[in-house]
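Shown next: structure11.pdb, given as PDB, C-alpha atoms and all ligand atoms.
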MODEL        1
ATOM      1  CA  MET O 207      60.737  22.362 -14.381
ATOM      2  CA  LYS O 208      58.047  24.880 -15.263
ATOM      3  CA  LEU O 209      54.347  24.686 -14.471
ATOM      4  CA  TYR O 210      52.134  26.704 -16.783
ATOM      5  CA  GLN O 211      49.050  27.396 -14.760
ATOM      6  CA  THR O 212      46.643  29.914 -13.250
ATOM      7  CA  TYR O 213      45.679  30.078  -9.582
ATOM      8  CA  ALA O 214      41.964  30.506 -10.363
ATOM      9  CA  SER O 215      41.673  27.201 -12.220
ATOM     10  CA  PRO O 216      40.889  24.100 -10.143
ATOM     11  CA  PHE O 217      42.982  21.800 -12.356
ATOM     12  CA  PRO O 218      46.470  23.200 -11.638
ATOM     13  CA  THR O 219      45.505  23.307  -7.944
ATOM     14  CA  ARG O 220      45.558  19.532  -8.008
ATOM     15  CA  VAL O 221      49.105  19.615  -9.307
ATOM     16  CA  ARG O 222      50.246  22.252  -6.787
ATOM     17  CA  LEU O 223      49.089  19.976  -3.946
ATOM     18  CA  LEU O 224      51.695  17.441  -5.065
ATOM     19  CA  LEU O 225      54.372  20.087  -5.615
ATOM     20  CA  TYR O 226      53.861  21.477  -2.093
ATOM     21  CA  ALA O 227      53.567  18.077  -0.373
ATOM     22  CA  LYS O 228      56.635  16.667  -2.147
ATOM     23  CA  ARG O 229      58.534  19.980  -1.905
ATOM     24  CA  ILE O 230      59.295  20.030  -5.625
ATOM     25  CA  ASP O 231      60.668  23.324  -6.836
ATOM     26  CA  VAL O 232      59.165  24.523 -10.137
ATOM     27  CA  GLU O 233      58.930  27.838 -11.911
ATOM     28  CA  ILE O 234      55.284  28.937 -12.058
ATOM     29  CA  VAL O 235      54.303  30.620 -15.325
ATOM     30  CA  GLU O 236      50.893  32.153 -16.037
ATOM     31  CA  PRO O 237      50.288  31.930 -19.793
ATOM     32  CA  PRO O 238      48.646  34.871 -21.557
ATOM     33  CA  GLY O 239      45.042  34.676 -22.691
ATOM     34  CA  PHE O 240      43.495  33.156 -19.595
ATOM     35  CA  HIS O 241      40.631  34.325 -17.395
ATOM     36  CA  ALA O 242      39.211  37.731 -18.322
ATOM     37  CA  SER O 243      42.329  38.592 -20.267
ATOM     38  CA  THR O 244      41.978  40.172 -23.682
ATOM     39  CA  GLU O 245      45.202  38.644 -25.012
ATOM     40  CA  ALA O 246      45.269  35.617 -27.318
ATOM     41  CA  LYS O 247      46.962  32.418 -26.136
ATOM     42  CA  GLY O 248      49.687  32.864 -28.768
ATOM     43  CA  ASP O 249      52.824  30.797 -28.217
ATOM     44  CA  TYR O 250      51.249  28.858 -25.352
ATOM     45  CA  LEU O 251      49.602  26.682 -28.004
ATOM     46  CA  LYS O 252      53.100  25.509 -28.954
ATOM     47  CA  VAL O 253      53.627  24.379 -25.345
ATOM     48  CA  ASN O 254      50.185  22.769 -25.120
ATOM     49  CA  PRO O 255      48.189  22.413 -28.353
ATOM     50  CA  ILE O 256      45.071  21.639 -26.264
ATOM     51  CA  GLY O 257      45.352  25.227 -25.023
ATOM     52  CA  ARG O 258      44.429  24.485 -21.418
ATOM     53  CA  VAL O 259      46.188  24.773 -18.092
ATOM     54  CA  PRO O 260      48.084  23.127 -16.485
ATOM     55  CA  THR O 261      51.119  22.017 -18.485
ATOM     56  CA  LEU O 262      54.304  20.726 -16.859
ATOM     57  CA  VAL O 263      57.489  21.305 -18.859
ATOM     58  CA  LEU O 264      60.465  19.205 -17.806
ATOM     59  CA  ASP O 265      64.012  20.590 -17.733
ATOM     60  CA  ASP O 266      64.769  18.831 -21.043
ATOM     61  CA  GLY O 267      61.810  20.620 -22.693
ATOM     62  CA  ARG O 268      59.351  17.718 -22.831
ATOM     63  CA  ALA O 269      55.836  18.884 -21.966
ATOM     64  CA  LEU O 270      52.924  17.132 -20.272
ATOM     65  CA  PRO O 271      49.380  18.523 -20.375
ATOM     66  CA  GLU O 272      46.362  17.362 -18.266
ATOM     67  CA  SER O 273      46.317  17.631 -14.488
ATOM     68  CA  GLU O 274      45.761  13.944 -13.735
ATOM     69  CA  VAL O 275      48.557  12.868 -16.077
ATOM     70  CA  ILE O 276      50.910  15.417 -14.485
ATOM     71  CA  CYS O 277      50.002  14.219 -10.970
ATOM     72  CA  GLU O 278      50.672  10.600 -11.909
ATOM     73  CA  TYR O 279      54.003  11.609 -13.492
ATOM     74  CA  LEU O 280      55.015  13.476 -10.318
ATOM     75  CA  GLU O 281      54.082  10.466  -8.171
ATOM     76  CA  ASP O 282      56.229   8.187 -10.326
ATOM     77  CA  ALA O 283      59.164  10.591 -10.628
ATOM     78  CA  TYR O 284      59.065  11.802  -6.983
ATOM     79  CA  PRO O 285      57.558   8.893  -5.000
ATOM     80  CA  GLU O 286      58.024  10.348  -1.488
ATOM     81  CA  PRO O 287      55.803  11.275   0.209
ATOM     82  CA  SER O 288      53.127   9.394  -1.719
ATOM     83  CA  LEU O 289      49.812  11.132  -2.298
ATOM     84  CA  ARG O 290      48.222   7.833  -3.320
ATOM     85  CA  PRO O 291      46.788   5.515  -0.633
ATOM     86  CA  ALA O 292      48.630   2.174  -0.427
ATOM     87  CA  ASP O 293      45.462   0.050  -0.361
ATOM     88  CA  PRO O 294      44.297  -0.732  -3.944
ATOM     89  CA  PHE O 295      40.616  -0.116  -3.199
ATOM     90  CA  GLU O 296      41.326   3.178  -1.420
ATOM     91  CA  ARG O 297      43.584   4.189  -4.308
ATOM     92  CA  ALA O 298      40.721   3.439  -6.706
ATOM     93  CA  ARG O 299      38.384   5.517  -4.511
ATOM     94  CA  MET O 300      40.885   8.406  -4.693
ATOM     95  CA  ARG O 301      40.710   8.195  -8.490
ATOM     96  CA  LEU O 302      36.933   7.904  -8.406
ATOM     97  CA  LEU O 303      36.571  11.103  -6.349
ATOM     98  CA  SER O 304      38.885  12.976  -8.742
ATOM     99  CA  ARG O 305      36.937  11.600 -11.676
ATOM    100  CA  ILE O 306      33.608  12.728 -10.212
ATOM    101  CA  CYS O 307      35.114  16.228  -9.984
ATOM    102  CA  ASP O 308      36.347  16.136 -13.595
ATOM    103  CA  PHE O 309      33.429  14.428 -15.295
ATOM    104  CA  TYR O 310      30.393  15.569 -13.311
ATOM    105  CA  LEU O 311      31.130  18.520 -11.038
ATOM    106  CA  VAL O 312      33.162  20.687 -13.424
ATOM    107  CA  MET O 313      30.835  19.831 -16.294
ATOM    108  CA  ALA O 314      27.873  20.930 -14.150
ATOM    109  CA  MET O 315      29.627  24.235 -13.450
ATOM    110  CA  VAL O 316      30.445  25.020 -17.096
ATOM    111  CA  PRO O 317      27.063  26.742 -17.789
ATOM    112  CA  LEU O 318      27.664  28.927 -14.707
ATOM    113  CA  PHE O 319      31.192  29.821 -15.870
ATOM    114  CA  SER O 320      29.644  30.798 -19.219
ATOM    115  CA  LEU O 321      26.857  32.836 -17.575
ATOM    116  CA  SER O 322      29.362  34.629 -15.345
ATOM    117  CA  ALA O 323      31.137  35.890 -18.471
ATOM    118  CA  ARG O 324      27.881  37.311 -19.892
ATOM    119  CA  SER O 325      25.891  40.349 -18.790
ATOM    120  CA  ARG O 326      23.420  39.830 -15.977
ATOM    121  CA  ARG O 327      20.390  40.072 -18.250
ATOM    122  CA  HIS O 328      21.262  36.538 -19.430
ATOM    123  CA  TRP O 329      21.171  35.211 -15.852
ATOM    124  CA  THR O 330      17.567  34.038 -15.987
ATOM    125  CA  PRO O 331      16.289  32.263 -12.856
ATOM    126  CA  GLU O 332      15.575  29.197 -15.042
ATOM    127  CA  ALA O 333      19.168  29.010 -16.348
ATOM    128  CA  VAL O 334      20.689  29.545 -12.894
ATOM    129  CA  THR O 335      18.344  27.061 -11.185
ATOM    130  CA  ALA O 336      18.958  24.380 -13.835
ATOM    131  CA  ALA O 337      22.741  24.758 -13.578
ATOM    132  CA  THR O 338      22.909  24.893  -9.772
ATOM    133  CA  GLY O 339      20.638  21.819  -9.653
ATOM    134  CA  LYS O 340      23.200  19.914 -11.719
ATOM    135  CA  VAL O 341      25.997  21.111  -9.406
ATOM    136  CA  ALA O 342      24.006  19.838  -6.393
ATOM    137  CA  GLU O 343      23.563  16.476  -8.147
ATOM    138  CA  ALA O 344      27.311  16.149  -8.742
ATOM    139  CA  LEU O 345      28.086  17.149  -5.136
ATOM    140  CA  ALA O 346      25.732  14.368  -4.008
ATOM    141  CA  TYR O 347      27.934  11.884  -5.915
ATOM    142  CA  LEU O 348      30.918  13.122  -3.885
ATOM    143  CA  GLU O 349      28.809  12.803  -0.712
ATOM    144  CA  GLY O 350      28.435   9.089  -1.456
ATOM    145  CA  TYR O 351      32.169   8.399  -1.619
ATOM    146  CA  ILE O 352      33.863  11.035   0.541
ATOM    147  CA  GLY O 353      35.966   9.818   3.467
ATOM    148  CA  GLU O 354      34.918  10.325   7.073
ATOM    149  CA  ALA O 355      38.350  10.589   8.715
ATOM    150  CA  GLY O 356      39.078  14.210   7.807
ATOM    151  CA  TYR O 357      40.495  13.508   4.341
ATOM    152  CA  ALA O 358      38.906  12.567   1.011
ATOM    153  CA  VAL O 359      40.285   9.042   1.369
ATOM    154  CA  GLY O 360      41.580   7.397   4.559
ATOM    155  CA  GLY O 361      43.411   9.388   7.187
ATOM    156  CA  ALA O 362      45.951  11.223   5.036
ATOM    157  CA  LEU O 363      46.246  13.837   2.337
ATOM    158  CA  SER O 364      45.887  12.407  -1.188
ATOM    159  CA  GLN O 365      45.518  13.591  -4.765
ATOM    160  CA  ALA O 366      41.729  13.570  -4.271
ATOM    161  CA  ASP O 367      41.938  16.432  -1.749
ATOM    162  CA  GLY O 368      43.633  18.558  -4.407
ATOM    163  CA  ALA O 369      40.856  17.771  -6.863
ATOM    164  CA  ILE O 370      37.979  18.408  -4.448
ATOM    165  CA  ALA O 371      39.072  21.463  -2.419
ATOM    166  CA  PRO O 372      39.089  24.054  -5.235
ATOM    167  CA  GLN O 373      35.771  22.703  -6.541
ATOM    168  CA  LEU O 374      34.193  23.212  -3.130
ATOM    169  CA  VAL O 375      35.429  26.821  -3.073
ATOM    170  CA  LEU O 376      33.631  27.316  -6.387
ATOM    171  CA  ALA O 377      30.479  25.385  -5.447
ATOM    172  CA  SER O 378      29.962  26.623  -1.918
ATOM    173  CA  GLU O 379      31.461  30.136  -2.083
ATOM    174  CA  TRP O 380      31.815  31.504  -5.632
ATOM    175  CA  ILE O 381      28.463  30.293  -7.048
ATOM    176  CA  PRO O 382      26.316  31.389  -4.043
ATOM    177  CA  ALA O 383      28.087  34.764  -3.832
ATOM    178  CA  LEU O 384      27.788  35.525  -7.545
ATOM    179  CA  PHE O 385      24.356  34.100  -8.364
ATOM    180  CA  GLY O 386      22.677  34.616  -4.979
ATOM    181  CA  THR O 387      21.855  30.910  -4.674
ATOM    182  CA  PRO O 388      21.956  28.906  -1.424
ATOM    183  CA  ASP O 389      25.135  27.131  -0.352
ATOM    184  CA  PRO O 390      24.547  23.486  -1.387
ATOM    185  CA  LEU O 391      26.845  22.020   1.302
ATOM    186  CA  PRO O 392      24.547  22.100   4.378
ATOM    187  CA  ALA O 393      22.305  19.512   2.668
ATOM    188  CA  LEU O 394      25.303  17.141   2.440
ATOM    189  CA  PRO O 395      26.465  16.222   5.956
ATOM    190  CA  ARG O 396      29.479  14.040   5.057
ATOM    191  CA  LEU O 397      30.806  16.531   2.520
ATOM    192  CA  SER O 398      30.230  19.397   4.981
ATOM    193  CA  ALA O 399      32.141  17.540   7.701
ATOM    194  CA  TYR O 400      34.945  16.835   5.223
ATOM    195  CA  TRP O 401      35.047  20.506   4.160
ATOM    196  CA  ARG O 402      35.379  21.657   7.770
ATOM    197  CA  ALA O 403      38.070  19.067   8.553
ATOM    198  CA  ILE O 404      40.186  19.532   5.424
ATOM    199  CA  GLN O 405      40.497  23.258   6.167
ATOM    200  CA  THR O 406      42.818  22.327   9.025
ATOM    201  CA  ASP O 407      45.401  20.747   6.728
ATOM    202  CA  PRO O 408      48.131  23.370   6.077
ATOM    203  CA  ILE O 409      48.669  22.421   2.433
ATOM    204  CA  VAL O 410      44.954  22.523   1.644
ATOM    205  CA  VAL O 411      44.622  25.806   3.584
ATOM    206  CA  ARG O 412      47.284  27.241   1.271
ATOM    207  CA  LEU O 413      45.537  25.925  -1.865
ATOM    208  CA  ILE O 414      42.167  27.301  -0.742
ATOM    209  CA  ALA O 415      43.669  30.724   0.029
ATOM    210  CA  GLU O 416      45.344  30.808  -3.398
ATOM    211  CA  THR O 417      42.049  29.889  -5.080
ATOM    212  CA  ARG O 418      40.051  32.513  -3.146
ATOM    213  CA  ASP O 419      42.620  35.249  -3.857
ATOM    214  CA  ALA O 420      42.751  34.382  -7.565
ATOM    215  CA  ILE O 421      38.953  34.395  -7.903
ATOM    216  CA  ALA O 422      38.784  37.800  -6.189
ATOM    217  CA  ALA O 423      41.530  39.179  -8.474
ATOM    218  CA  GLN O 424      39.797  37.769 -11.541
ATOM    219  CA  GLN O 425      36.470  39.330 -10.535
ATOM    220  CA  ALA O 426      38.145  42.704  -9.994
ATOM    221  CA  LEU O 427      39.794  42.452 -13.434
ATOM    222  CA  SER O 428      36.506  41.484 -15.138
ATOM    223  CA  LYS O 429      34.816  44.464 -13.491
ATOM    224  CA  ARG O 430      37.578  46.837 -14.624
ATOM    225  CA  LEU O 431      37.312  45.504 -18.213
ATOM    226  CA  ALA O 432      33.489  45.820 -18.156
ATOM    227  CA  ASP O 433      33.674  49.380 -16.746
ATOM    228  CA  ALA O 434      36.264  50.317 -19.382
ATOM    229  CA  ALA O 435      34.043  48.910 -22.146
ATOM    230  CA  LYS O 436      31.088  51.002 -20.876
ATOM    231  CA  ALA O 437      33.155  54.218 -20.626
TER     232      ALA O 437
HETATM  233  N1  LIG G   1      41.217  17.975 -18.374
HETATM  234  C1  LIG G   1      42.055  19.155 -18.190
HETATM  235  C2  LIG G   1      41.148  20.345 -17.999
HETATM  236  C3  LIG G   1      41.955  21.636 -17.927
HETATM  237  C4  LIG G   1      41.059  22.847 -18.142
HETATM  238  O1  LIG G   1      39.943  22.753 -18.654
HETATM  239  N2  LIG G   1      41.600  24.014 -17.795
HETATM  240  C5  LIG G   1      40.848  25.223 -18.054
HETATM  241  C6  LIG G   1      41.008  26.203 -16.913
HETATM  242  S1  LIG G   1      39.818  25.887 -15.677
HETATM  243  C7  LIG G   1      41.401  25.883 -19.280
HETATM  244  O2  LIG G   1      42.606  25.928 -19.443
HETATM  245  N3  LIG G   1      40.511  26.404 -20.137
HETATM  246  C8  LIG G   1      40.866  27.079 -21.335
HETATM  247  C9  LIG G   1      40.674  28.559 -21.243
HETATM  248  O3  LIG G   1      40.361  29.095 -20.166
HETATM  249  O4  LIG G   1      40.835  29.203 -22.269
HETATM  250  C10 LIG G   1      42.995  18.931 -17.003
HETATM  251  O5  LIG G   1      42.658  18.140 -16.119
HETATM  252  O6  LIG G   1      44.093  19.514 -16.983
ENDMDL
END
What does the file become when written as structure tokens?
Amino acid sequence: MKLYQTYASPFPTRVRLLLYAKRIDVEIVEPPGFHASTEAKGDYLKVNPIGRVPTLVLDDGRALPESEVICEYLEDAYPEPSLRPADPFERARMRLLSRICDFYLVMAMVPLFSLSARSRRHWTPEAVTAATGKVAEALAYLEGYIGEAGYAVGGALSQADGAIAPQLVLASEWIPALFGTPDPLPALPRLSAYWRAIQTDPIVVRLIAETRDAIAAQQALSKRLADAAKA
């Protein structure tokens, strides 16, 4: 199988959590045209007409887009170990936490992703404050449902940890570092405790390191492209 993905995006990170936990071997492919690249997406649109990452391509050529759909496919095709809690309510809570990330947290970050791609004169305090306020609101939704036993749900790694961890790197590290805003986590005690605890899980440690490295590489590339454009 092949996974089309980038390490900077939080969505494929969710899928990699399952690949690592289930020890599934896939070829990782970074499609052109993503993240500060000047190339067009080209043939990738034939693999995934939605034009987003991730996409999982099976050995027979069938392709699946959308991180949640891919995770559910991997759970069904490779059931052991399961990254879904056995209890129906806890399983629903796992899906709820992932959904809060997809529907509220990422959406709240979109204006900041857009600002980060524009020159700093567009970074007005009003725009930054409005966007970071929305991020704080979405984090407070996670605060209400996050587990208290060291994992997002129950006492074991689940799909929800793969959804939340990269978002917390963005919310509590990338946004404060880039926009000079305060880290929103200290105001959220349960989420802060979760964030400390989950950074002791070896799979999540790996995912967080991959996310941090990719963000740093992307920032260096953006800077090189901006410097080249000025020269
Ligand atoms: N709902 C999709 C969202 C995927 C998504 O938005 N991926 C972003 C990367 S963060 C993307 O590919 N954006 C298009 C682009 O960067 O051109 C999923 O869960 O897979």
Go through segment 346-372 of chain O and flag each residue having an atom no more than 9 Å from segment 293-311 of chain O; for those, report the closest pair of atoms plus their distance in Å to one decimal, using only C-alpha atoms, ordered by chain and rising number, as CSV.
residue,atom,partner,partner_atom,distance
O:Tyr347,CA,O:Ile306,CA,7.2
O:Leu348,CA,O:Leu303,CA,6.5
O:Tyr351,CA,O:Leu303,CA,7.0
O:Ile352,CA,O:Leu303,CA,7.4
O:Ala358,CA,O:Met300,CA,7.3
O:Val359,CA,O:Met300,CA,6.1
O:Gly360,CA,O:Glu296,CA,7.3
O:Ser364,CA,O:Met300,CA,7.3
O:Gln365,CA,O:Met300,CA,7.0
O:Ala366,CA,O:Met300,CA,5.2
O:Asp367,CA,O:Ser304,CA,8.4
O:Gly368,CA,O:Ser304,CA,8.5
O:Ala369,CA,O:Ser304,CA,5.5
O:Ile370,CA,O:Cys307,CA,6.6
field: Environment of ligand LIG 1 (chain G) within 7 Å, counting all atoms listed in the file, reported as a list in words
entry: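 Counting all atoms listed in the file, the residues within 7 Å of ligand LIG 1 (chain G) come out as Ser215, Pro216, Phe217, Pro218, Gly239, Phe240, His241, Gly257, Arg258, Val259, Pro260, Pro271, Glu272, Ser273 and Glu274 of chain O.
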message: My list of candidates is O:Asp407, O:Leu224, O:Gly353, O:Ala214. Which is closest to Ser288 of chain O when distances are computed with all atoms listed in the file?
response: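 Counting all atoms listed in the file, the residue closest to Ser288 of chain O is O:Leu224.
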- request: Calculate how many Å separate atom CA of Ser398 of chain O from atom CA of Val334 of chain O, rounding to one decimal.
  value: 22.7 Å
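Here the question is which of O:Tyr284, O:Phe385, O:Tyr213, O:Trp401 gets nearest to Ile421 of chain O using all atoms listed in the file, and that residue is O:Tyr213.
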field: O:Lys252, O:Val263, O:Ala371, O:Tyr226 ranked by distance to Leu209 of chain O, top pick (using all atoms listed in the file)
entry: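 Distance minimum relative to Leu209 of chain O lands on O:Val263.
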message: Calculated over only C-alpha atoms, which of the candidates O:Val312, O:Ile230, O:Ala344, O:Ala269 has the smallest distance to Leu391 of chain O?
response: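 Checking each of O:Val312, O:Ile230, O:Ala344, O:Ala269 against Leu391 of chain O, counting only C-alpha atoms, the winner is O:Ala344.
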Which neighbours of Pro317 of chain O fall inside 9 Å, counting all atoms listed in the file, when residues of the same chain fewer than 5 positions from it are skipped, and could you give them as a PDB file with C-alpha atoms, in the coordinates of the input?
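New file around-v4.pdb:
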ATOM      1  CA  SER O 322      29.362  34.629 -15.345  1.00  0.00           C
ATOM      2  CA  ALA O 333      19.168  29.010 -16.348  1.00  0.00           C
ATOM      3  CA  VAL O 334      20.689  29.545 -12.894  1.00  0.00           C
ATOM      4  CA  ALA O 337      22.741  24.758 -13.578  1.00  0.00           C
TER       5      ALA O 337
END
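From atom CA of Val253 of chain O back to atom CA of Gln211 of chain O, the distance works out to 11.9 Å.
In this structure, atom CA of Thr417 of chain O sits 8.0 Å away from atom CA of Thr219 of chain O.
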- request: Can you work out which one of O:Thr335, O:Ser325, O:Ser378, O:Thr212 has the shortest atom-to-atom distance to Ser428 of chain O, counting all atoms listed in the file?
  value: O:Ser325
- prompt: When distances are computed from only C-alpha atoms, which of O:Leu345, O:Leu223, O:Leu394, O:Leu384 shows the smallest separation from Ala422 of chain O?
  reply: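 Closest to Ala422 of chain O, using only C-alpha atoms: O:Leu384.
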